[in-house]
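Colleague: See final.pdb below, with PDB, C-alpha atoms.
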ATOM      1  CA  MET A   1       0.000   0.000   0.000
ATOM      2  CA  SER A   2       1.431   3.370  -0.968
ATOM      3  CA  ILE A   3       1.414   6.439   1.226
ATOM      4  CA  GLN A   4      -1.299   8.888   0.267
ATOM      5  CA  SER A   5      -0.142  12.403  -0.549
ATOM      6  CA  ILE A   6      -2.490  15.358  -0.204
ATOM      7  CA  ASP A   7      -2.823  18.978  -1.218
ATOM      8  CA  VAL A   8      -2.757  20.465   2.293
ATOM      9  CA  LEU A   9      -5.672  22.799   3.089
ATOM     10  CA  TYR A  10      -5.119  23.189   6.841
ATOM     11  CA  THR A  11      -2.735  21.960   9.525
ATOM     12  CA  ALA A  12      -3.734  21.602  13.171
ATOM     13  CA  THR A  13      -0.983  21.835  15.774
ATOM     14  CA  ALA A  14      -1.185  20.517  19.320
ATOM     15  CA  THR A  15       1.507  20.010  21.925
ATOM     16  CA  ALA A  16       1.419  17.529  24.800
ATOM     17  CA  GLU A  17       3.341  17.853  28.045
ATOM     18  CA  GLY A  18       3.461  14.916  30.430
ATOM     19  CA  GLY A  19       2.013  12.350  28.014
ATOM     20  CA  ARG A  20      -1.040  10.529  29.348
ATOM     21  CA  ASP A  21      -0.762  12.369  32.668
ATOM     22  CA  GLY A  22      -0.296  15.995  31.742
ATOM     23  CA  ARG A  23      -1.756  18.590  29.441
ATOM     24  CA  VAL A  24      -2.413  19.020  25.737
ATOM     25  CA  ALA A  25      -3.099  22.317  23.998
ATOM     26  CA  THR A  26      -3.440  23.651  20.479
ATOM     27  CA  ASP A  27      -1.228  26.462  19.276
ATOM     28  CA  ASP A  28      -4.241  28.774  18.858
ATOM     29  CA  GLY A  29      -5.435  28.198  22.455
ATOM     30  CA  LYS A  30      -8.850  26.855  21.424
ATOM     31  CA  LEU A  31      -8.158  23.515  23.093
ATOM     32  CA  ASP A  32      -6.290  23.280  26.375
ATOM     33  CA  VAL A  33      -7.107  20.234  28.482
ATOM     34  CA  VAL A  34      -5.743  18.182  31.335
ATOM     35  CA  VAL A  35      -4.993  14.633  30.237
ATOM     36  CA  THR A  36      -5.093  11.734  32.707
ATOM     37  CA  PRO A  37      -5.337   7.998  32.304
ATOM     38  CA  PRO A  38      -8.857   6.611  32.782
ATOM     39  CA  LYS A  39      -9.593   4.760  36.011
ATOM     40  CA  GLU A  40      -9.714   1.504  34.006
ATOM     41  CA  MET A  41      -6.019   2.019  33.233
ATOM     42  CA  GLY A  42      -4.989   2.954  36.771
ATOM     43  CA  GLY A  43      -5.414   6.715  36.504
ATOM     44  CA  SER A  44      -7.564   9.199  38.347
ATOM     45  CA  GLY A  45      -9.933   9.660  35.411
ATOM     46  CA  GLU A  46     -10.223  13.336  36.357
ATOM     47  CA  GLY A  47      -9.138  14.686  32.975
ATOM     48  CA  THR A  48      -9.796  13.654  29.424
ATOM     49  CA  ASN A  49      -7.649  11.059  27.668
ATOM     50  CA  PRO A  50      -6.269  10.552  24.162
ATOM     51  CA  GLU A  51      -8.953   8.001  23.288
ATOM     52  CA  GLN A  52     -11.731  10.487  24.130
ATOM     53  CA  LEU A  53     -10.025  13.138  22.025
ATOM     54  CA  PHE A  54      -9.690  10.684  19.134
ATOM     55  CA  ALA A  55     -13.361   9.671  19.495
ATOM     56  CA  ALA A  56     -14.429  13.327  19.451
ATOM     57  CA  GLY A  57     -12.352  14.062  16.364
ATOM     58  CA  TYR A  58     -13.409  10.927  14.487
ATOM     59  CA  SER A  59     -17.136  11.407  15.200
ATOM     60  CA  ALA A  60     -17.034  15.069  14.113
ATOM     61  CA  CYS A  61     -15.026  14.285  10.995
ATOM     62  CA  PHE A  62     -17.273  11.363  10.033
ATOM     63  CA  GLN A  63     -20.353  13.569  10.507
ATOM     64  CA  GLY A  64     -18.760  16.063   8.128
ATOM     65  CA  ALA A  65     -18.052  13.333   5.566
ATOM     66  CA  LEU A  66     -21.653  12.161   5.924
ATOM     67  CA  GLY A  67     -22.755  15.698   5.089
ATOM     68  CA  VAL A  68     -20.602  15.749   1.947
ATOM     69  CA  VAL A  69     -22.020  12.437   0.766
ATOM     70  CA  ALA A  70     -25.602  13.415   1.651
ATOM     71  CA  ARG A  71     -25.350  16.628  -0.376
ATOM     72  CA  GLN A  72     -24.080  14.652  -3.369
ATOM     73  CA  GLU A  73     -26.947  12.169  -3.022
ATOM     74  CA  LYS A  74     -29.521  14.854  -2.117
ATOM     75  CA  ALA A  75     -30.339  12.950   1.085
ATOM     76  CA  ASP A  76     -31.780  14.587   4.195
ATOM     77  CA  ILE A  77     -29.501  13.898   7.150
ATOM     78  CA  THR A  78     -31.134  16.455   9.436
ATOM     79  CA  GLY A  79     -30.931  15.205  13.009
ATOM     80  CA  SER A  80     -28.245  12.638  12.237
ATOM     81  CA  ARG A  81     -25.703  11.700  14.884
ATOM     82  CA  VAL A  82     -22.367   9.912  14.855
ATOM     83  CA  THR A  83     -21.078   8.281  18.020
ATOM     84  CA  ALA A  84     -17.505   7.013  18.092
ATOM     85  CA  LYS A  85     -16.314   4.495  20.663
ATOM     86  CA  VAL A  86     -12.540   4.188  20.781
ATOM     87  CA  ALA A  87     -11.129   1.228  22.706
ATOM     88  CA  ILE A  88      -7.518   0.766  23.726
ATOM     89  CA  GLY A  89      -5.982  -2.551  24.678
ATOM     90  CA  LYS A  90      -2.903  -4.696  24.547
ATOM     91  CA  ALA A  91      -1.956  -5.815  21.062
ATOM     92  CA  GLY A  92       0.154  -8.753  20.010
ATOM     93  CA  GLY A  93       3.862  -8.086  20.206
ATOM     94  CA  GLY A  94       3.729  -6.201  23.502
ATOM     95  CA  GLY A  95       2.351  -2.882  22.311
ATOM     96  CA  PHE A  96      -1.065  -1.301  22.507
ATOM     97  CA  GLY A  97      -3.698  -0.868  19.834
ATOM     98  CA  LEU A  98      -7.010   0.799  19.173
ATOM     99  CA  GLU A  99     -10.394  -0.334  17.884
ATOM    100  CA  VAL A 100     -13.223   1.954  16.803
ATOM    101  CA  GLU A 101     -16.967   1.523  16.592
ATOM    102  CA  LEU A 102     -18.913   4.196  14.722
ATOM    103  CA  SER A 103     -22.647   4.200  15.357
ATOM    104  CA  VAL A 104     -24.575   6.405  12.947
ATOM    105  CA  SER A 105     -28.205   7.452  13.249
ATOM    106  CA  ILE A 106     -29.901   9.069  10.245
ATOM    107  CA  PRO A 107     -33.596   9.381  11.129
ATOM    108  CA  ASN A 108     -34.897  10.888   7.868
ATOM    109  CA  VAL A 109     -33.872   8.111   5.472
ATOM    110  CA  ASP A 110     -34.709   4.414   5.168
ATOM    111  CA  ALA A 111     -32.304   1.756   6.458
ATOM    112  CA  THR A 112     -30.902   0.884   3.017
ATOM    113  CA  THR A 113     -30.158   4.520   2.187
ATOM    114  CA  ALA A 114     -28.639   5.077   5.640
ATOM    115  CA  GLN A 115     -26.304   2.096   5.154
ATOM    116  CA  GLN A 116     -25.257   3.361   1.705
ATOM    117  CA  LEU A 117     -24.573   6.855   3.071
ATOM    118  CA  VAL A 118     -22.512   5.474   5.953
ATOM    119  CA  GLU A 119     -20.443   3.261   3.649
ATOM    120  CA  ALA A 120     -19.845   6.187   1.285
ATOM    121  CA  ALA A 121     -18.892   8.502   4.169
ATOM    122  CA  HIS A 122     -16.403   5.867   5.338
ATOM    123  CA  GLN A 123     -14.653   6.200   1.966
ATOM    124  CA  VAL A 124     -14.581  10.023   2.194
ATOM    125  CA  CYS A 125     -13.706  10.608   5.872
ATOM    126  CA  PRO A 126     -10.015  11.446   6.453
ATOM    127  CA  TYR A 127     -10.010   9.559   9.788
ATOM    128  CA  SER A 128     -11.421   6.481   8.056
ATOM    129  CA  ASN A 129      -8.809   6.790   5.334
ATOM    130  CA  ALA A 130      -6.039   7.136   7.935
ATOM    131  CA  THR A 131      -7.159   4.109   9.952
ATOM    132  CA  ARG A 132      -8.174   1.804   7.074
ATOM    133  CA  GLY A 133      -6.091  -1.343   7.113
ATOM    134  CA  ASN A 134      -4.444  -0.336  10.393
ATOM    135  CA  ILE A 135      -7.114  -0.833  13.041
ATOM    136  CA  LYS A 136     -10.536  -2.458  13.317
ATOM    137  CA  VAL A 137     -13.338   0.021  12.543
ATOM    138  CA  ASP A 138     -16.899  -1.275  12.843
ATOM    139  CA  LEU A 139     -19.752   0.683  11.266
ATOM    140  CA  THR A 140     -23.239   0.408  12.732
ATOM    141  CA  VAL A 141     -26.376   2.097  11.432
ATOM    142  CA  ALA A 142     -28.563   2.771  14.453
TER     143      ALA A 142
END
Please rewrite the model in this file as structure tokens.
Modeller:
Amino acid sequence: MSIQSIDVLYTATATAEGGRDGRVATDDGKLDVVVTPPKEMGGSGEGTNPEQLFAAGYSACFQGALGVVARQEKADITGSRVTAKVAIGKAGGGGFGLEVELSVSIPNVDATTAQQLVEAAHQVCPYSNATRGNIKVDLTVA
């Protein structure tokens, strides 16, 4: 598989201090959060964590891709929602890995159309393109 090259439209910049038990902030100051491991991983759970940030980014990005596809197909996605669940766990070889479940609700279209829109959005979404072939991503139409 070759590495995809892009015509860059925007670059986001964030800096972490202290890793999973510290702080992460964007260069423009719009995001500045305390990061702590979740209780399930031995942390206090008092701050956010990288998996929550990834879930927030993926769900927002996928919703945007759904909008692009819906406009092309002239489908009404008013009231639609995308929920991302990002799991972290031990992977073979001693490292850690991620799995994602995207649950998409599109109330104004039939089930077949919703499934087609979700599949098409999965081909458009930059997060989906970045993770494809690297981690398990399950798509569910709710």
Colleague: Env of Ala12 of chain A: 12 Å cut, atoms = only C-alpha atoms, seq-sep filter 6 positions within chain, self excluded. Answer as a list in words.
Modeller: Ala25, Thr26, Asp27, Asp28, Gly29, Lys30, Leu31 and Gly57 of chain A
Colleague: Pick out the closest residue to Ile88 of chain A from this set: A:Ile135, A:Ala121, A:Ala111, A:Ala130. Count only C-alpha atoms.
Modeller: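 Nearest to Ile88 of chain A: A:Ile135.
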Colleague: Quick one, how far is atom CA of Pro37 of chain A from atom CA of Arg23 of chain A?
Modeller: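 Straight-line distance from atom CA of Pro37 of chain A to atom CA of Arg23 of chain A works out to 11.5 Å.
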Colleague: Rounded to one decimal place, report the atom CA of Glu99 of chain A-atom CA of Val124 of chain A distance in Å.
Modeller: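 A separation of 19.3 Å between them.
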Colleague: With only C-alpha atoms counted, which protein, DNA or RNA residues have an atom no more than 9 Å from (-10.4, 19.1, 34.5) in the file frame? Please answer as an mmCIF file with C-alpha atoms, in the frame of the given file.
Modeller:
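Generated file (part_31.cif):
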data_model
loop_
_atom_site.group_PDB
_atom_site.id
_atom_site.type_symbol
_atom_site.label_atom_id
_atom_site.label_comp_id
_atom_site.auth_asym_id
_atom_site.auth_seq_id
_atom_site.Cartn_x
_atom_site.Cartn_y
_atom_site.Cartn_z
ATOM 1 C CA VAL A 33 -7.107 20.234 28.482
ATOM 2 C CA VAL A 34 -5.743 18.182 31.335
ATOM 3 C CA VAL A 35 -4.993 14.633 30.237
ATOM 4 C CA GLU A 46 -10.223 13.336 36.357
ATOM 5 C CA GLY A 47 -9.138 14.686 32.975
ATOM 6 C CA THR A 48 -9.796 13.654 29.424
#
Colleague: At what distance in Å, to one decimal, does atom CA of Thr11 of chain A lie from atom CA of Gln72 of chain A?
Modeller: 26.0 Å
Colleague: Counting all atoms listed in the file, write as a list of chain:residue names all protein and nucleic acid residues lying at most 9 Å from (-13.2, 8.5, 25.5) in the file's frame.
Modeller: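 Returned residue set, sorted by chain then number, is A:Pro38, A:Thr48, A:Asn49, A:Pro50, A:Glu51, A:Gln52, A:Leu53, A:Phe54, A:Ala55, A:Ala56, A:Ala84, A:Lys85, A:Val86, A:Ala87.
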Colleague: Taking all atoms listed in the file into account, name the residue in A:Ile3, A:Val69, A:Ala14, A:Leu102 that is nearest to Asn129 of chain A.
Modeller: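 Answer, going by the shortest atom-to-atom distance: A:Ile3.
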Colleague: Report the residues retrieved by the PyMOL selection byres ((chain A and resi 125) around 12) from the displayed file, expressed as a list in words.
Modeller: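 Written out, the selection comes to Gly57, Tyr58, Ser59, Ala60, Cys61, Phe62, Gln63, Gly64, Ala65, Leu66, Gly67, Val68, Val69, Leu117, Val118, Glu119, Ala120, Ala121, His122, Gln123, Val124, Pro126, Tyr127, Ser128, Asn129, Ala130, Thr131 and Arg132 of chain A.
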Colleague: Using only C-alpha atoms, find the one residue out of A:Gly133, A:Gly79, A:Gly93, A:Gly45 that sits nearest to Arg20 of chain A.
Modeller: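 Selected residue with least distance to Arg20 of chain A: A:Gly45.
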Colleague: With distances taken over only C-alpha atoms, which residue among A:Asn134, A:Ser5, A:Thr113, A:Ser103 lies nearest Ile77 of chain A?
Modeller: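 When distances to Ile77 of chain A are compared using only C-alpha atoms, the smallest one comes from A:Thr113.
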Colleague: Would you please work out which residue, of A:Met41, A:Val24, A:Ile106, A:Val100, is nearest to Thr78 of chain A when using only C-alpha atoms?
Modeller: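 Looking only at the distances to Thr78 of chain A, the closest residue turns out to be A:Ile106.
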Colleague: Pick the closest to Ser105 of chain A from A:Ala142, A:Ala70, A:Lys90, A:Thr15: which is it, counting only C-alpha atoms?
Modeller: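 Checking each of A:Ala142, A:Ala70, A:Lys90, A:Thr15 against Ser105 of chain A, counting only C-alpha atoms, the winner is A:Ala142.
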Colleague: First collect every listed atom of segment 66-82 of chain A; then fit an axis-aligned box around them, widen it by 8 Å on each side, and give centre and edge lengths in Å to one decimal, as lines of an AutoDock Vina configuration file.
Modeller:
center_x = -26.2
center_y = 13.3
center_z = 5.8
size_x = 27.2
size_y = 22.7
size_z = 34.3
